[in-house]
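**Q** Provided herewith: run.cif, mmCIF, C-alpha atoms.
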data_input
loop_
_atom_site.group_PDB
_atom_site.id
_atom_site.type_symbol
_atom_site.label_atom_id
_atom_site.label_comp_id
_atom_site.auth_asym_id
_atom_site.auth_seq_id
_atom_site.Cartn_x
_atom_site.Cartn_y
_atom_site.Cartn_z
ATOM 1 C CA MET A 227 -23.275 -5.332 -0.976
ATOM 2 C CA GLN A 228 -24.922 -8.574 0.015
ATOM 3 C CA GLY A 229 -23.175 -11.376 -1.863
ATOM 4 C CA GLU A 230 -24.779 -14.345 -3.454
ATOM 5 C CA ASP A 231 -23.054 -16.673 -0.973
ATOM 6 C CA ASN A 232 -24.745 -16.585 2.446
ATOM 7 C CA ASN A 233 -25.457 -12.870 2.096
ATOM 8 C CA LYS A 234 -21.914 -11.975 3.113
ATOM 9 C CA ILE A 235 -20.523 -8.471 2.777
ATOM 10 C CA GLN A 236 -18.402 -8.327 -0.366
ATOM 11 C CA VAL A 237 -14.978 -6.719 0.016
ATOM 12 C CA ALA A 238 -12.790 -5.494 -2.852
ATOM 13 C CA VAL A 239 -9.146 -5.079 -1.872
ATOM 14 C CA PHE A 240 -6.538 -3.036 -3.739
ATOM 15 C CA ASP A 241 -2.820 -2.891 -3.121
ATOM 16 C CA PHE A 242 -1.456 0.664 -3.430
ATOM 17 C CA ASP A 243 2.146 0.792 -4.658
ATOM 18 C CA GLY A 244 2.597 -0.730 -8.109
ATOM 19 C CA THR A 245 -1.118 -1.516 -8.340
ATOM 20 C CA SER A 246 -3.201 1.588 -7.694
ATOM 21 C CA ILE A 247 -0.277 3.844 -8.509
ATOM 22 C CA GLU A 248 2.589 3.649 -10.967
ATOM 23 C CA GLY A 249 5.760 2.871 -9.034
ATOM 24 C CA SER A 250 6.481 2.898 -5.304
ATOM 25 C CA SER A 251 5.596 5.795 -3.017
ATOM 26 C CA PRO A 252 8.219 4.800 -0.375
ATOM 27 C CA SER A 253 10.926 4.802 -3.050
ATOM 28 C CA TRP A 254 9.895 8.231 -4.276
ATOM 29 C CA LEU A 255 9.776 9.471 -0.687
ATOM 30 C CA VAL A 256 13.304 8.221 -0.022
ATOM 31 C CA ASN A 257 14.511 9.920 -3.210
ATOM 32 C CA ARG A 258 12.985 13.194 -2.082
ATOM 33 C CA LEU A 259 14.464 12.896 1.409
ATOM 34 C CA ILE A 260 17.903 12.183 -0.047
ATOM 35 C CA PHE A 261 17.716 15.145 -2.411
ATOM 36 C CA SER A 262 16.600 17.489 0.376
ATOM 37 C CA ARG A 263 19.300 16.064 2.689
ATOM 38 C CA LYS A 264 16.806 15.017 5.331
ATOM 39 C CA ILE A 265 18.511 11.639 5.732
ATOM 40 C CA SER A 266 22.229 11.035 6.042
ATOM 41 C CA PRO A 267 24.446 9.260 3.488
ATOM 42 C CA ALA A 268 24.926 6.396 5.962
ATOM 43 C CA THR A 269 21.173 5.933 6.292
ATOM 44 C CA THR A 270 20.822 6.143 2.528
ATOM 45 C CA LEU A 271 23.307 3.277 2.128
ATOM 46 C CA LYS A 272 21.430 1.155 4.672
ATOM 47 C CA ILE A 273 18.129 1.706 2.890
ATOM 48 C CA GLY A 274 19.765 0.976 -0.457
ATOM 49 C CA ALA A 275 21.208 -2.302 0.824
ATOM 50 C CA TRP A 276 17.796 -3.268 2.164
ATOM 51 C CA GLY A 277 16.247 -2.505 -1.229
ATOM 52 C CA ILE A 278 18.720 -4.741 -3.035
ATOM 53 C CA ALA A 279 18.047 -7.621 -0.644
ATOM 54 C CA TYR A 280 14.292 -7.093 -1.010
ATOM 55 C CA LYS A 281 14.586 -7.217 -4.783
ATOM 56 C CA TRP A 282 16.279 -10.604 -4.482
ATOM 57 C CA HIS A 283 13.464 -11.884 -2.231
ATOM 58 C CA LEU A 284 15.735 -12.214 0.807
ATOM 59 C CA PRO A 285 14.113 -12.097 4.267
ATOM 60 C CA GLN A 286 13.921 -8.533 5.528
ATOM 61 C CA LYS A 287 12.765 -6.667 8.601
ATOM 62 C CA GLU A 288 9.999 -4.457 7.276
ATOM 63 C CA ALA A 289 9.730 -2.363 10.443
ATOM 64 C CA TRP A 290 13.461 -1.674 10.440
ATOM 65 C CA VAL A 291 13.574 -0.020 7.027
ATOM 66 C CA ARG A 292 10.552 2.132 7.816
ATOM 67 C CA GLY A 293 12.328 3.250 10.966
ATOM 68 C CA GLN A 294 15.324 4.234 8.854
ATOM 69 C CA VAL A 295 13.123 6.343 6.586
ATOM 70 C CA PHE A 296 11.469 7.967 9.600
ATOM 71 C CA ARG A 297 14.824 9.131 10.938
ATOM 72 C CA ALA A 298 13.970 12.202 8.878
ATOM 73 C CA PHE A 299 10.852 12.817 10.979
ATOM 74 C CA GLU A 300 11.834 11.551 14.426
ATOM 75 C CA GLY A 301 10.934 14.028 17.150
ATOM 76 C CA LYS A 302 8.888 16.246 14.857
ATOM 77 C CA PRO A 303 5.199 17.021 15.546
ATOM 78 C CA LYS A 304 2.767 14.588 13.956
ATOM 79 C CA GLU A 305 0.827 17.413 12.318
ATOM 80 C CA GLU A 306 3.966 18.775 10.667
ATOM 81 C CA VAL A 307 5.065 15.375 9.331
ATOM 82 C CA ASP A 308 1.588 14.471 8.133
ATOM 83 C CA ARG A 309 1.452 17.774 6.269
ATOM 84 C CA TYR A 310 4.824 17.017 4.660
ATOM 85 C CA LEU A 311 3.615 13.586 3.540
ATOM 86 C CA THR A 312 0.351 15.044 2.263
ATOM 87 C CA ASN A 313 2.256 17.605 0.205
ATOM 88 C CA PHE A 314 4.553 14.838 -1.005
ATOM 89 C CA TYR A 315 1.522 12.915 -2.255
ATOM 90 C CA ASP A 316 0.114 15.970 -4.016
ATOM 91 C CA GLU A 317 3.392 16.786 -5.753
ATOM 92 C CA TRP A 318 4.782 13.338 -6.572
ATOM 93 C CA ILE A 319 2.169 10.623 -6.271
ATOM 94 C CA ALA A 320 -1.180 12.098 -7.345
ATOM 95 C CA LYS A 321 -0.208 12.111 -11.015
ATOM 96 C CA ARG A 322 0.842 8.464 -10.706
ATOM 97 C CA PHE A 323 -2.580 7.203 -9.629
ATOM 98 C CA ARG A 324 -3.685 4.871 -12.403
ATOM 99 C CA PRO A 325 -6.925 5.692 -14.241
ATOM 100 C CA GLU A 326 -7.695 1.970 -14.540
ATOM 101 C CA ALA A 327 -7.472 1.667 -10.763
ATOM 102 C CA ASP A 328 -9.999 4.467 -10.434
ATOM 103 C CA LYS A 329 -12.304 2.701 -12.885
ATOM 104 C CA ALA A 330 -12.027 -0.637 -11.094
ATOM 105 C CA MET A 331 -12.606 0.930 -7.678
ATOM 106 C CA GLN A 332 -15.656 2.755 -8.976
ATOM 107 C CA ALA A 333 -16.999 -0.408 -10.616
ATOM 108 C CA ARG A 334 -16.624 -2.356 -7.373
ATOM 109 C CA THR A 335 -18.260 0.497 -5.454
ATOM 110 C CA ASP A 336 -21.170 0.544 -7.899
ATOM 111 C CA GLU A 337 -21.628 -3.186 -7.307
ATOM 112 C CA GLY A 338 -21.955 -2.465 -3.602
ATOM 113 C CA CYS A 339 -18.564 -3.760 -2.492
ATOM 114 C CA GLU A 340 -16.677 -2.294 0.433
ATOM 115 C CA VAL A 341 -13.519 -1.012 -1.279
ATOM 116 C CA VAL A 342 -10.373 -1.177 0.855
ATOM 117 C CA VAL A 343 -6.810 -0.182 0.015
ATOM 118 C CA VAL A 344 -4.274 -2.292 1.913
ATOM 119 C CA SER A 345 -0.736 -0.951 1.767
ATOM 120 C CA ALA A 346 2.732 -1.099 3.275
ATOM 121 C CA THR A 347 3.238 2.619 2.664
ATOM 122 C CA PHE A 348 2.794 5.277 5.325
ATOM 123 C CA GLU A 349 -0.770 6.026 6.393
ATOM 124 C CA PRO A 350 -0.863 9.806 5.671
ATOM 125 C CA ILE A 351 -0.050 9.105 2.012
ATOM 126 C CA VAL A 352 -2.958 6.697 1.581
ATOM 127 C CA LEU A 353 -5.329 8.929 3.549
ATOM 128 C CA ARG A 354 -4.552 11.766 1.149
ATOM 129 C CA ALA A 355 -5.246 9.525 -1.846
ATOM 130 C CA MET A 356 -8.560 8.495 -0.303
ATOM 131 C CA GLU A 357 -9.749 12.113 -0.452
ATOM 132 C CA SER A 358 -9.872 12.088 -4.263
ATOM 133 C CA HIS A 359 -10.294 8.463 -5.329
ATOM 134 C CA PRO A 360 -13.200 6.007 -5.037
ATOM 135 C CA PHE A 361 -12.165 3.976 -2.014
ATOM 136 C CA THR A 362 -13.569 4.597 1.440
ATOM 137 C CA HIS A 363 -11.405 2.399 3.663
ATOM 138 C CA GLN A 364 -7.688 1.885 4.071
ATOM 139 C CA ILE A 365 -5.278 -0.202 6.109
ATOM 140 C CA SER A 366 -1.678 0.994 5.942
ATOM 141 C CA THR A 367 1.513 1.251 7.960
ATOM 142 C CA ARG A 368 1.205 3.633 10.888
ATOM 143 C CA MET A 369 4.185 5.030 12.754
ATOM 144 C CA LYS A 370 4.129 5.382 16.536
ATOM 145 C CA VAL A 371 3.540 8.795 18.076
ATOM 146 C CA ALA A 372 5.162 9.675 21.399
ATOM 147 C CA GLU A 373 3.229 11.119 24.335
ATOM 148 C CA ASP A 374 4.372 14.627 23.387
ATOM 149 C CA GLY A 375 2.740 14.306 19.946
ATOM 150 C CA THR A 376 5.946 13.768 17.978
ATOM 151 C CA TYR A 377 6.758 10.859 15.693
ATOM 152 C CA THR A 378 9.127 8.100 16.714
ATOM 153 C CA ARG A 379 10.968 5.691 14.416
ATOM 154 C CA GLU A 380 8.849 2.744 15.585
ATOM 155 C CA VAL A 381 6.021 1.146 13.641
ATOM 156 C CA ASP A 382 2.729 1.253 15.528
ATOM 157 C CA GLY A 383 1.734 -2.412 15.371
ATOM 158 C CA ARG A 384 2.971 -4.300 12.327
ATOM 159 C CA CYS A 385 3.929 -3.321 8.803
ATOM 160 C CA ILE A 386 1.123 -4.012 6.362
ATOM 161 C CA GLU A 387 3.278 -6.088 4.039
ATOM 162 C CA GLY A 388 3.057 -9.593 2.539
ATOM 163 C CA ASP A 389 1.219 -12.057 4.767
ATOM 164 C CA GLU A 390 0.391 -9.252 7.172
ATOM 165 C CA LYS A 391 -1.981 -7.724 4.609
ATOM 166 C CA ILE A 392 -4.425 -10.587 4.894
ATOM 167 C CA VAL A 393 -3.993 -10.714 8.691
ATOM 168 C CA ALA A 394 -4.680 -6.986 9.025
ATOM 169 C CA LEU A 395 -7.609 -7.144 6.606
ATOM 170 C CA LYS A 396 -9.216 -10.009 8.536
ATOM 171 C CA HIS A 397 -8.816 -8.158 11.809
ATOM 172 C CA TRP A 398 -10.318 -4.990 10.317
ATOM 173 C CA CYS A 399 -13.245 -6.733 8.599
ATOM 174 C CA ASP A 400 -14.051 -8.905 11.617
ATOM 175 C CA GLY A 401 -14.190 -5.768 13.739
ATOM 176 C CA ARG A 402 -16.341 -3.861 11.266
ATOM 177 C CA PHE A 403 -18.631 -6.540 9.833
ATOM 178 C CA GLY A 404 -18.379 -9.378 12.319
ATOM 179 C CA GLU A 405 -16.467 -12.624 12.003
ATOM 180 C CA GLY A 406 -17.867 -14.794 9.216
ATOM 181 C CA ASN A 407 -20.047 -12.018 7.802
ATOM 182 C CA TRP A 408 -17.749 -10.961 4.956
ATOM 183 C CA GLU A 409 -15.590 -12.331 2.169
ATOM 184 C CA ILE A 410 -13.014 -11.031 -0.283
ATOM 185 C CA ALA A 411 -14.799 -10.786 -3.602
ATOM 186 C CA TYR A 412 -11.966 -9.071 -5.498
ATOM 187 C CA ALA A 413 -8.267 -8.549 -4.875
ATOM 188 C CA TYR A 414 -5.764 -6.621 -6.984
ATOM 189 C CA GLY A 415 -1.992 -6.789 -6.534
ATOM 190 C CA ASP A 416 1.225 -6.481 -8.496
ATOM 191 C CA HIS A 417 3.931 -8.043 -6.333
ATOM 192 C CA HIS A 418 4.688 -11.672 -5.514
ATOM 193 C CA SER A 419 4.215 -10.779 -1.836
ATOM 194 C CA ASP A 420 0.539 -10.096 -2.651
ATOM 195 C CA GLU A 421 -0.054 -13.793 -3.362
ATOM 196 C CA PRO A 422 -1.709 -14.518 0.043
ATOM 197 C CA LEU A 423 -4.141 -11.660 -0.487
ATOM 198 C CA LEU A 424 -5.058 -12.672 -4.026
ATOM 199 C CA SER A 425 -5.323 -16.342 -3.027
ATOM 200 C CA ALA A 426 -8.040 -15.414 -0.536
ATOM 201 C CA ALA A 427 -10.221 -13.685 -3.143
ATOM 202 C CA LYS A 428 -12.986 -15.117 -5.302
ATOM 203 C CA HIS A 429 -11.746 -12.946 -8.152
ATOM 204 C CA PRO A 430 -7.976 -12.254 -7.996
ATOM 205 C CA PHE A 431 -6.220 -9.973 -10.477
ATOM 206 C CA ALA A 432 -2.500 -9.517 -11.098
ATOM 207 C CA VAL A 433 -1.995 -5.881 -12.072
ATOM 208 C CA THR A 434 1.031 -4.990 -14.211
ATOM 209 C CA PRO A 435 2.817 -7.717 -12.234
ATOM 210 C CA ASN A 436 6.475 -8.083 -11.416
ATOM 211 C CA THR A 437 8.191 -11.251 -12.629
ATOM 212 C CA GLY A 438 7.350 -13.235 -9.508
ATOM 213 C CA MET A 439 3.675 -12.310 -9.540
ATOM 214 C CA GLU A 440 3.422 -12.910 -13.272
ATOM 215 C CA LYS A 441 4.669 -16.472 -12.823
ATOM 216 C CA ILE A 442 2.252 -17.041 -9.964
ATOM 217 C CA ALA A 443 -0.675 -15.589 -11.923
ATOM 218 C CA LYS A 444 0.020 -17.749 -14.960
ATOM 219 C CA SER A 445 0.355 -20.890 -12.848
ATOM 220 C CA ARG A 446 -2.929 -20.110 -11.055
ATOM 221 C CA ASN A 447 -4.750 -18.899 -14.183
ATOM 222 C CA TRP A 448 -5.362 -15.499 -12.634
ATOM 223 C CA PRO A 449 -6.249 -12.663 -15.016
ATOM 224 C CA ILE A 450 -3.344 -10.323 -15.730
ATOM 225 C CA LEU A 451 -4.206 -6.653 -16.216
ATOM 226 C CA ASP A 452 -1.968 -3.999 -17.745
ATOM 227 C CA TRP A 453 -2.606 -0.716 -15.949
ATOM 228 C CA SER A 454 0.751 0.871 -16.711
ATOM 229 C CA ILE A 455 0.861 4.586 -17.505
ATOM 230 C CA ASP A 456 3.548 6.955 -18.754
ATOM 231 C CA ILE A 457 4.756 9.566 -16.289
ATOM 232 C CA PRO A 458 6.695 12.605 -17.573
ATOM 233 C CA LYS A 459 10.183 12.604 -16.109
ATOM 234 C CA LYS A 460 10.948 15.321 -13.596
ATOM 235 C CA SER A 461 14.077 16.184 -11.707
ATOM 236 C CA HIS A 462 14.038 16.118 -7.922
#
Reformat the file's structure so that it appears as structure tokens.
**A**
Amino acid sequence: MQGEDNNKIQVAVFDFDGTSIEGSSPSWLVNRLIFSRKISPATTLKIGAWGIAYKWHLPQKEAWVRGQVFRAFEGKPKEEVDRYLTNFYDEWIAKRFRPEADKAMQARTDEGCEVVVVSATFEPIVLRAMESHPFTHQISTRMKVAEDGTYTREVDGRCIEGDEKIVALKHWCDGRFGEGNWEIAYAYGDHHSDEPLLSAAKHPFAVTPNTGMEKIAKSRNWPILDWSIDIPKKSH
């Protein structure tokens, strides 16, 4: 889409967890790994402690916790792990994709926007979602693959979280469209850490926001959207 301002490419950006889907895909993944005993009790406690600190907005090492989760997959072939994560999406996450997110993505696509999902979750999960929902680009956390084709516990680059979302988006858009040739027309997020992303958009939206984001949205007069859905409870 050529925008009204200087004919710039218009980009619509959607967060994934808590915005496009109900809940958090990493949390559901950890629950599944715990239930299937793919991560140890000690690792479970470390991840749990990290989650508590994150909830209280304490500084955290994003790459570290993803490495803890990927203990379950360390040394396993990339194809095997990607297949596991794809199946995980199909079984646990697909039903949590919000219909209102689909509608908004389609509306932005119909306007001619480049629709991008920017997410801290693991790349194979978002790639699977992209197969059946109206977004054509994604920027998400990628884990490093060793020379023998197996996954390590290291993040490849940086975690796409908080401030890094806008950094990664700028790098991606500059490479694809050229520096200065694009702008963020729309941004959708639910978490207070999405503030930098929404602040950069002409039209920011707080989606079913957490307490921190709700306060920010009200203080900035950002529209607040309720996209919440009911998910039938299911045992692990």
**Q** Using all atoms listed in the file, which of A:His363, A:Arg263, A:His417, A:Lys441 sits nearest A:Gly388?
**A**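 Among the listed residues, the smallest separation from A:Gly388 belongs to A:His417.
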**Q** Go through A:Glu288, A:Asp243, A:Gly293, A:Glu317 and flag the residue nearest A:Arg258, using only C-alpha atoms for the distances.
**A**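 With only C-alpha atoms as the atom set, the closest residue is A:Glu317.
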**Q** A:Phe348: which residues within 10 Å, counting all atoms listed in the file, same-chain residues fewer than 2 positions away excluded, as a list in words?
**A** Ser251, Pro252, Arg292, Asp308, Leu311, Ser345, Ala346, Pro350, Ile351, Val352, Leu353, Ile365, Ser366, Thr367, Arg368, Met369, Val381, Cys385 and Ile386 of chain A
**Q** For a test of reading the model, state the distance in Å between atom CA of A:Ser358 and atom CA of A:Val239, rounded to one decimal.
**A**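 Computed distance, atom CA of A:Ser358 to atom CA of A:Val239, equals 17.3 Å.
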**Q** Apply the PyMOL selection byres ((chain A and resi 410) around 12) to the structure shown and report the selected residues as number ranges by chain.
**A** A: 227, 229, 231, 234-240, 334, 339-342, 392, 395-396, 399, 406-409, 411-414, 422-430
**Q** Using only C-alpha atoms, which of A:Val343, A:Lys391, A:Asp400, A:Ser419 sits nearest A:Asp241?
**A**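 Nearest to A:Asp241: A:Val343.
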**Q** Neighbours of stretch 371-375 of chain A within 12 Å (all atoms listed in the file; same-chain residues fewer than 2 positions away dropped), as a list in words?
**A**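 Here the qualifying residues turn out to be Phe296, Phe299, Glu300, Gly301, Lys302, Pro303, Lys304, Glu305, Glu306, Val307, Asp308, Arg368, Met369, Tyr377, Thr378, Arg379, Glu380, Val381, Asp382 and Gly383 of chain A.
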**Q** Tell me, in Å to one decimal, how far atom CA of A:Ala289 is from atom CA of A:Arg384.
**A**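 Those two atoms sit 7.3 Å apart.
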